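This is my_file.pdb (PDB, C-alpha atoms).
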```
ATOM      1  CA  MET P 112      -3.359  14.689 -11.116
ATOM      2  CA  LEU P 113       0.121  15.519  -9.811
ATOM      3  CA  LEU P 114       1.707  13.071 -12.250
ATOM      4  CA  ASN P 115      -0.143  14.636 -15.149
ATOM      5  CA  ASP P 116       0.743  18.175 -14.036
ATOM      6  CA  LEU P 117       4.427  17.306 -13.695
ATOM      7  CA  GLY P 118       4.864  14.941 -16.634
ATOM      8  CA  HIS P 119       2.112  16.111 -19.008
ATOM      9  CA  SER P 120       1.749  12.517 -20.190
ATOM     10  CA  ARG P 121      -1.210  10.154 -19.919
ATOM     11  CA  LEU P 122       1.142   7.313 -20.814
ATOM     12  CA  LEU P 123       3.155   8.035 -17.680
ATOM     13  CA  VAL P 124      -0.008   7.908 -15.580
ATOM     14  CA  GLY P 125      -0.782   4.499 -17.092
ATOM     15  CA  VAL P 126       2.732   3.248 -16.369
ATOM     16  CA  VAL P 127       2.467   4.248 -12.710
ATOM     17  CA  ASN P 128      -0.944   2.562 -12.512
ATOM     18  CA  GLY P 129       0.690  -0.596 -13.872
ATOM     19  CA  LEU P 130       3.457  -0.296 -11.285
ATOM     20  CA  GLN P 131       0.799  -0.108  -8.583
ATOM     21  CA  ARG P 132      -0.808  -3.364  -9.723
ATOM     22  CA  ALA P 133       2.550  -5.097 -10.136
ATOM     23  CA  GLY P 134       3.730  -3.829  -6.757
ATOM     24  CA  TRP P 135       0.719  -5.359  -5.030
ATOM     25  CA  LEU P 136       0.684  -8.717  -6.841
ATOM     26  CA  VAL P 137       4.271  -9.695  -7.688
ATOM     27  CA  PRO P 138       5.884  -9.425  -4.209
ATOM     28  CA  GLN P 139       3.161 -11.546  -2.630
ATOM     29  CA  LEU P 140       4.665 -14.778  -3.972
ATOM     30  CA  LEU P 141       8.041 -13.847  -2.509
ATOM     31  CA  ALA P 142       6.416 -12.859   0.764
ATOM     32  CA  ALA P 143       4.485 -16.138   0.949
ATOM     33  CA  SER P 144       7.653 -18.200   0.527
ATOM     34  CA  PHE P 145       9.341 -16.167   3.243
ATOM     35  CA  VAL P 146       6.664 -15.945   5.937
ATOM     36  CA  LEU P 147       4.430 -19.040   5.754
ATOM     37  CA  HIS P 148       6.698 -20.976   8.122
ATOM     38  CA  ARG P 149       7.066 -18.080  10.572
ATOM     39  CA  PRO P 150       4.973 -18.404  13.737
ATOM     40  CA  ARG P 151       4.682 -14.605  14.037
ATOM     41  CA  LYS P 152       3.749 -12.574  10.985
ATOM     42  CA  LYS P 153       3.457  -9.076  12.461
ATOM     43  CA  PRO P 154       7.148  -8.115  11.999
ATOM     44  CA  PHE P 155       6.801  -8.906   8.281
ATOM     45  CA  VAL P 156       3.883  -6.495   8.052
ATOM     46  CA  LEU P 157       5.385  -3.747  10.185
ATOM     47  CA  LEU P 158       8.881  -3.621   8.667
ATOM     48  CA  PRO P 159       7.769  -3.228   5.015
ATOM     49  CA  CYS P 160       5.165  -0.741   6.241
ATOM     50  CA  LEU P 161       7.789   1.389   7.976
ATOM     51  CA  PHE P 162      10.197   1.249   5.034
ATOM     52  CA  GLY P 163       7.489   1.947   2.463
ATOM     53  CA  ARG P 164       6.286   5.075   4.240
ATOM     54  CA  ILE P 165       9.697   6.772   4.406
ATOM     55  CA  PRO P 166       9.372   8.137   0.811
ATOM     56  CA  PHE P 167       6.262  10.102   1.767
ATOM     57  CA  TYR P 168       8.108  11.945   4.510
ATOM     58  CA  LEU P 169      10.792  12.788   1.959
ATOM     59  CA  LEU P 170       8.165  13.882  -0.582
ATOM     60  CA  ALA P 171       6.561  16.106   2.058
ATOM     61  CA  ILE P 172       9.916  17.857   2.431
ATOM     62  CA  ILE P 173      10.974  17.916  -1.225
ATOM     63  CA  PHE P 174       7.693  19.257  -2.601
ATOM     64  CA  ASN P 175       7.806  22.159  -0.163
ATOM     65  CA  LEU P 176      11.287  23.219  -1.302
ATOM     66  CA  LYS P 177      11.996  25.794  -3.985
ATOM     67  CA  TRP P 178      13.970  23.039  -5.730
ATOM     68  CA  ALA P 179      10.703  21.293  -6.633
ATOM     69  CA  VAL P 180       9.530  24.432  -8.425
ATOM     70  CA  THR P 181      12.703  24.883 -10.460
ATOM     71  CA  HIS P 182      13.405  21.178 -11.104
ATOM     72  CA  GLN P 183      10.008  19.715 -11.838
ATOM     73  CA  HIS P 184      11.266  16.851 -14.017
ATOM     74  CA  ALA P 185      13.626  15.735 -11.267
ATOM     75  CA  ALA P 186      10.777  16.032  -8.764
ATOM     76  CA  LEU P 187       8.731  13.784 -11.062
ATOM     77  CA  VAL P 188      11.453  11.118 -10.956
ATOM     78  CA  VAL P 189      11.568  11.315  -7.151
ATOM     79  CA  LEU P 190       7.778  11.055  -7.019
ATOM     80  CA  ILE P 191       7.654   7.926  -9.188
ATOM     81  CA  ALA P 192      10.515   6.323  -7.253
ATOM     82  CA  GLY P 193       8.804   7.027  -3.937
ATOM     83  CA  TYR P 194       5.504   5.564  -5.035
ATOM     84  CA  THR P 195       7.228   2.523  -6.557
ATOM     85  CA  ILE P 196       8.901   1.773  -3.224
ATOM     86  CA  PHE P 197       5.540   2.143  -1.501
ATOM     87  CA  PHE P 198       3.717  -0.113  -3.982
ATOM     88  CA  PHE P 199       6.192  -2.984  -3.660
ATOM     89  CA  THR P 200       6.591  -2.822   0.119
ATOM     90  CA  ASP P 201       2.799  -2.738   0.394
ATOM     91  CA  GLY P 202       2.705  -5.949  -1.642
ATOM     92  CA  LEU P 203       5.276  -7.595   0.621
ATOM     93  CA  GLY P 204       3.095  -6.920   3.652
ATOM     94  CA  GLY P 205      -0.103  -8.122   2.004
ATOM     95  CA  VAL P 206       0.270 -11.846   2.691
ATOM     96  CA  PRO P 207       1.213 -11.656   6.385
ATOM     97  CA  TRP P 208      -1.433  -8.948   6.927
ATOM     98  CA  HIS P 209      -4.234 -11.149   5.617
ATOM     99  CA  ASP P 210      -2.855 -14.062   7.626
ATOM    100  CA  ILE P 211      -3.141 -11.966  10.796
ATOM    101  CA  ILE P 212      -6.668 -10.900   9.843
ATOM    102  CA  GLY P 213      -7.612 -14.543   9.287
ATOM    103  CA  ARG P 214      -6.411 -15.462  12.774
ATOM    104  CA  THR P 215      -7.741 -12.356  14.520
ATOM    105  CA  ILE P 216     -11.225 -11.859  13.047
ATOM    106  CA  PRO P 217     -13.654 -14.831  13.274
ATOM    107  CA  ALA P 218     -14.956 -15.997   9.906
ATOM    108  CA  GLN P 219     -18.533 -14.922  10.681
ATOM    109  CA  LEU P 220     -17.375 -11.367  11.420
ATOM    110  CA  ARG P 221     -15.006 -10.796   8.495
ATOM    111  CA  GLY P 222     -17.687  -9.502   6.150
ATOM    112  CA  ARG P 223     -18.769  -6.978   8.773
ATOM    113  CA  PHE P 224     -15.125  -6.089   9.440
ATOM    114  CA  PHE P 225     -14.252  -5.356   5.817
ATOM    115  CA  GLY P 226     -17.613  -3.656   5.266
ATOM    116  CA  THR P 227     -16.919  -1.332   8.196
ATOM    117  CA  ILE P 228     -13.465  -0.553   6.805
ATOM    118  CA  GLN P 229     -14.955   0.347   3.433
ATOM    119  CA  PHE P 230     -17.726   2.453   4.987
ATOM    120  CA  VAL P 231     -15.404   4.409   7.277
ATOM    121  CA  GLY P 232     -12.866   4.720   4.475
ATOM    122  CA  GLY P 233     -15.551   6.185   2.220
ATOM    123  CA  LEU P 234     -16.505   8.776   4.816
ATOM    124  CA  LEU P 235     -12.868   9.724   5.334
ATOM    125  CA  ALA P 236     -12.406   9.954   1.566
ATOM    126  CA  ILE P 237     -15.186  12.548   1.407
ATOM    127  CA  GLY P 238     -13.443  14.626   4.070
ATOM    128  CA  SER P 239     -10.089  14.160   2.372
ATOM    129  CA  GLY P 240     -11.560  15.314  -0.914
ATOM    130  CA  ALA P 241     -12.693  18.535   0.719
ATOM    131  CA  ILE P 242      -9.206  19.118   2.112
ATOM    132  CA  VAL P 243      -7.592  18.443  -1.269
ATOM    133  CA  HIS P 244      -9.987  20.842  -2.980
ATOM    134  CA  HIS P 245      -9.280  23.547  -0.411
ATOM    135  CA  VAL P 246      -5.486  23.200  -0.662
ATOM    136  CA  LEU P 247      -5.363  23.073  -4.462
ATOM    137  CA  ALA P 248      -7.678  26.088  -4.689
ATOM    138  CA  ASP P 249      -5.357  28.161  -2.489
ATOM    139  CA  LYS P 250      -3.762  30.623  -4.918
ATOM    140  CA  SER P 251      -1.081  31.561  -2.369
ATOM    141  CA  LEU P 252       0.568  28.144  -2.807
ATOM    142  CA  VAL P 253       2.824  27.862  -5.841
ATOM    143  CA  PHE P 254       2.763  24.560  -7.746
ATOM    144  CA  PRO P 255       3.936  22.031  -6.628
ATOM    145  CA  HIS P 256       4.056  23.424  -3.066
ATOM    146  CA  ASN P 257       0.297  22.874  -2.865
ATOM    147  CA  TYR P 258       0.921  19.158  -3.301
ATOM    148  CA  GLY P 259       3.721  19.453  -0.767
ATOM    149  CA  HIS P 260       1.129  20.515   1.795
ATOM    150  CA  LEU P 261      -0.994  17.502   0.877
ATOM    151  CA  PHE P 262       2.022  15.241   1.388
ATOM    152  CA  ILE P 263       2.350  16.641   4.906
ATOM    153  CA  TYR P 264      -1.235  15.629   5.652
ATOM    154  CA  LEU P 265      -0.604  12.245   4.063
ATOM    155  CA  ALA P 266       2.520  11.678   6.146
ATOM    156  CA  ALA P 267       0.567  12.534   9.302
ATOM    157  CA  GLY P 268      -2.164  10.052   8.398
ATOM    158  CA  LEU P 269       0.374   7.333   7.605
ATOM    159  CA  THR P 270       2.076   7.943  10.932
ATOM    160  CA  LEU P 271      -1.229   7.436  12.752
ATOM    161  CA  SER P 272      -2.015   4.268  10.795
ATOM    162  CA  THR P 273       1.457   2.848  11.473
ATOM    163  CA  ILE P 274       1.062   3.476  15.201
ATOM    164  CA  CYS P 275      -2.307   1.683  15.147
ATOM    165  CA  LEU P 276      -0.740  -1.207  13.232
ATOM    166  CA  SER P 277       2.047  -1.530  15.784
ATOM    167  CA  LEU P 278      -0.554  -1.863  18.569
ATOM    168  CA  ILE P 279      -2.150  -4.971  17.044
ATOM    169  CA  ARG P 280      -1.817  -8.021  19.295
ATOM    170  CA  GLU P 281      -1.107 -10.925  17.003
ATOM    171  CA  PRO P 282      -2.520 -14.255  18.204
ATOM    172  CA  HIS P 283      -0.470 -17.405  17.868
ATOM    173  CA  GLY P 284      -1.446 -19.617  14.990
ATOM    174  CA  PRO P 285      -0.332 -22.604  12.904
ATOM    175  CA  ALA P 286       2.573 -22.251  10.509
ATOM    176  CA  PHE P 287       4.323 -24.502   8.008
ATOM    177  CA  SER P 288       7.091 -26.522   9.614
ATOM    178  CA  ASP P 289       9.493 -25.883   6.720
ATOM    179  CA  PRO P 290      10.087 -22.910   4.420
ATOM    180  CA  GLN P 291       8.063 -23.005   1.211
ATOM    181  CA  SER P 292      10.158 -22.313  -1.867
ATOM    182  CA  LEU P 293       8.869 -20.013  -4.576
ATOM    183  CA  GLY P 294       8.955 -22.907  -7.046
ATOM    184  CA  SER P 295       6.797 -25.138  -4.853
ATOM    185  CA  LEU P 296       4.251 -22.350  -4.416
ATOM    186  CA  LEU P 297       4.054 -21.801  -8.155
ATOM    187  CA  ARG P 298       3.626 -25.523  -8.802
ATOM    188  CA  ALA P 299       0.831 -25.691  -6.221
ATOM    189  CA  ILE P 300      -1.296 -23.027  -7.931
ATOM    190  CA  PRO P 301      -3.160 -25.356 -10.377
ATOM    191  CA  SER P 302      -4.038 -27.942  -7.721
ATOM    192  CA  THR P 303      -5.085 -25.216  -5.274
ATOM    193  CA  LEU P 304      -7.464 -23.711  -7.823
ATOM    194  CA  ARG P 305      -8.936 -27.162  -8.526
ATOM    195  CA  THR P 306      -9.353 -27.927  -4.824
ATOM    196  CA  TYR P 307     -10.988 -24.608  -3.917
ATOM    197  CA  PRO P 308     -13.566 -23.687  -6.592
ATOM    198  CA  ARG P 309     -14.745 -20.647  -4.602
ATOM    199  CA  LEU P 310     -11.227 -19.264  -4.656
ATOM    200  CA  ARG P 311     -11.006 -19.925  -8.391
ATOM    201  CA  LYS P 312     -14.329 -18.167  -8.937
ATOM    202  CA  ALA P 313     -13.225 -15.168  -6.838
ATOM    203  CA  ILE P 314      -9.997 -14.813  -8.824
ATOM    204  CA  ILE P 315     -11.615 -15.195 -12.243
ATOM    205  CA  GLY P 316     -14.770 -13.211 -11.443
TER
END
```

Show me, as structure tokens, the structure contained in the file I just sent.
Amino acid sequence: MLLNDLGHSRLLVGVVNGLQRAGWLVPQLLAASFVLHRPRKKPFVLLPCLFGRIPFYLLAIIFNLKWAVTHQHAALVVLIAGYTIFFFTDGLGGVPWHDIIGRTIPAQLRGRFFGTIQFVGGLLAIGSGAIVHHVLADKSLVFPHNYGHLFIYLAAGLTLSTICLSLIREPHGPAFSDPQSLGSLLRAIPSTLRTYPRLRKAIIG
């Protein structure tokens, strides 16, 4: 909604949606080649997480300044840049995060674990929706200062989630003895899909 209000372009919304998908998928190959041989994966989740959340603190400040009202096109550029940084750092942390989950949560409990995350996340989304509606309906807040208030709430939530992430106790687990090059990972994709039909089905379906 903010992108559309600032840019007045559905094409721009589609581009940012594409950046989100690319940011999640593309960096994972680089991350895999960098972390598979590391015995501890938590630093490679926490560091991208910390770096990727910095733009939201900046957005919380910028969108509450008068500058954002008078320079909306520039604010749009800052917004897209901030989200792009977040998307790609989120992708970098995806591989080590799932590795930690695989070593922390027993296989028979993973379905319950992810189901609980989705259930609690859904409940929180309902509450968040009410907050968003209340803030955007407040006529005393000039656009885009209303979104600036939402960025403050977002930054607070991200701070809490980062603290919780830092408290995770990562168990020791097996790791590759040598670094895996990006080329070797790409070459291994066809054989991996042939060897694990359930994985192939999950990707295709």

Determine the residue membership of the PyMOL selection byres ((chain P and resi 113-122) around 12) for the file above and supply it as a ChimeraX atom specification. /P:112,123-129,174,179-191,194,243,247,254-259,261-262

Quick check, in Å to one decimal: how far apart do CA of Pro138 in chain P and CA of Gln291 in chain P lie? 14.8 Å

Nearest residue to Arg151 in chain P out of P:Tyr168, P:Trp178, P:Trp208, P:Phe199, using all atoms listed in the file? P:Trp208

Could you work out how far CA of Val206 in chain P lies from CA of Ala142 in chain P, giving the answer in Å with one decimal? 6.5 Å

Using the chain letters and numbers from this file, what does the PyMOL selection byres ((chain P and resi 134) around 12) select? Give the answer as a ChimeraX atom specification. /P:126-133,135-141,163,194-205

With C-alpha atoms retained, could you export that selection as a PDB file, in the coordinates of the input?
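Output (selection03.pdb):
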```pdb
ATOM      1  CA  VAL P 126       2.732   3.248 -16.369  1.00  0.00           C
ATOM      2  CA  VAL P 127       2.467   4.248 -12.710  1.00  0.00           C
ATOM      3  CA  ASN P 128      -0.944   2.562 -12.512  1.00  0.00           C
ATOM      4  CA  GLY P 129       0.690  -0.596 -13.872  1.00  0.00           C
ATOM      5  CA  LEU P 130       3.457  -0.296 -11.285  1.00  0.00           C
ATOM      6  CA  GLN P 131       0.799  -0.108  -8.583  1.00  0.00           C
ATOM      7  CA  ARG P 132      -0.808  -3.364  -9.723  1.00  0.00           C
ATOM      8  CA  ALA P 133       2.550  -5.097 -10.136  1.00  0.00           C
ATOM      9  CA  TRP P 135       0.719  -5.359  -5.030  1.00  0.00           C
ATOM     10  CA  LEU P 136       0.684  -8.717  -6.841  1.00  0.00           C
ATOM     11  CA  VAL P 137       4.271  -9.695  -7.688  1.00  0.00           C
ATOM     12  CA  PRO P 138       5.884  -9.425  -4.209  1.00  0.00           C
ATOM     13  CA  GLN P 139       3.161 -11.546  -2.630  1.00  0.00           C
ATOM     14  CA  LEU P 140       4.665 -14.778  -3.972  1.00  0.00           C
ATOM     15  CA  LEU P 141       8.041 -13.847  -2.509  1.00  0.00           C
ATOM     16  CA  GLY P 163       7.489   1.947   2.463  1.00  0.00           C
ATOM     17  CA  TYR P 194       5.504   5.564  -5.035  1.00  0.00           C
ATOM     18  CA  THR P 195       7.228   2.523  -6.557  1.00  0.00           C
ATOM     19  CA  ILE P 196       8.901   1.773  -3.224  1.00  0.00           C
ATOM     20  CA  PHE P 197       5.540   2.143  -1.501  1.00  0.00           C
ATOM     21  CA  PHE P 198       3.717  -0.113  -3.982  1.00  0.00           C
ATOM     22  CA  PHE P 199       6.192  -2.984  -3.660  1.00  0.00           C
ATOM     23  CA  THR P 200       6.591  -2.822   0.119  1.00  0.00           C
ATOM     24  CA  ASP P 201       2.799  -2.738   0.394  1.00  0.00           C
ATOM     25  CA  GLY P 202       2.705  -5.949  -1.642  1.00  0.00           C
ATOM     26  CA  LEU P 203       5.276  -7.595   0.621  1.00  0.00           C
ATOM     27  CA  GLY P 204       3.095  -6.920   3.652  1.00  0.00           C
ATOM     28  CA  GLY P 205      -0.103  -8.122   2.004  1.00  0.00           C
TER      29      GLY P 205
END
```

Which one of P:Leu252, P:Leu296, P:Glu281, P:Ile172 sits closest to Phe155 in chain P if you count all atoms listed in the file?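 Smallest distance to Phe155 in chain P is found for P:Glu281.
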
CA of Arg214 in chain P to CA of Lys152 in chain P: how many Å, to one decimal?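 These two atoms are separated by 10.7 Å.
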
Here is a test: counting only C-alpha atoms, which residue of P:Lys177, P:Ile165, P:Ile279, P:Val156 is nearest to Ala143 in chain P?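 Of P:Lys177, P:Ile165, P:Ile279, P:Val156, the one nearest Ala143 in chain P is P:Val156, counting only C-alpha atoms.
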
Determine the nearest neighbour of Phe167 in chain P from the options P:Arg298, P:Arg280, P:Arg221, P:His260, counting all atoms listed in the file. P:His260

Around all the atoms of range 308-313 of chain P listed in the file, with 3 Å of room on each side, what axis-aligned box do you get, giving centre and edge lengths in Å to one decimal, as lines of an AutoDock Vina configuration file?
```
center_x = -12.9
center_y = -19.4
center_z = -6.8
size_x = 9.7
size_y = 14.5
size_z = 10.3
```

May I ask which of the residues P:Cys275, P:Leu304, P:Val253, P:Ile242 is the closest one to Leu157 in chain P, counting only C-alpha atoms?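 Closest to Leu157 in chain P, using only C-alpha atoms: P:Cys275.
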
Step by step, work through what the PyMOL selection byres ((chain P and resi 269) around 10) selects in the shown file, and finish by giving those residues as a PyMOL selection string. chain P and resi 160-161+164-165+167-168+263-268+270-275

May I have the protein, DNA and RNA residues with an atom at most 8 Å from (3.3, -18.7, 19.8), counting all atoms listed in the file in the file's coordinates, returned as a count of residues only? 5

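If all atoms listed in the file are the atoms counted, then among P:Phe230, P:Ser144, P:Ile315, P:Phe224 the closest residue to Leu297 in chain P is P:Ser144.
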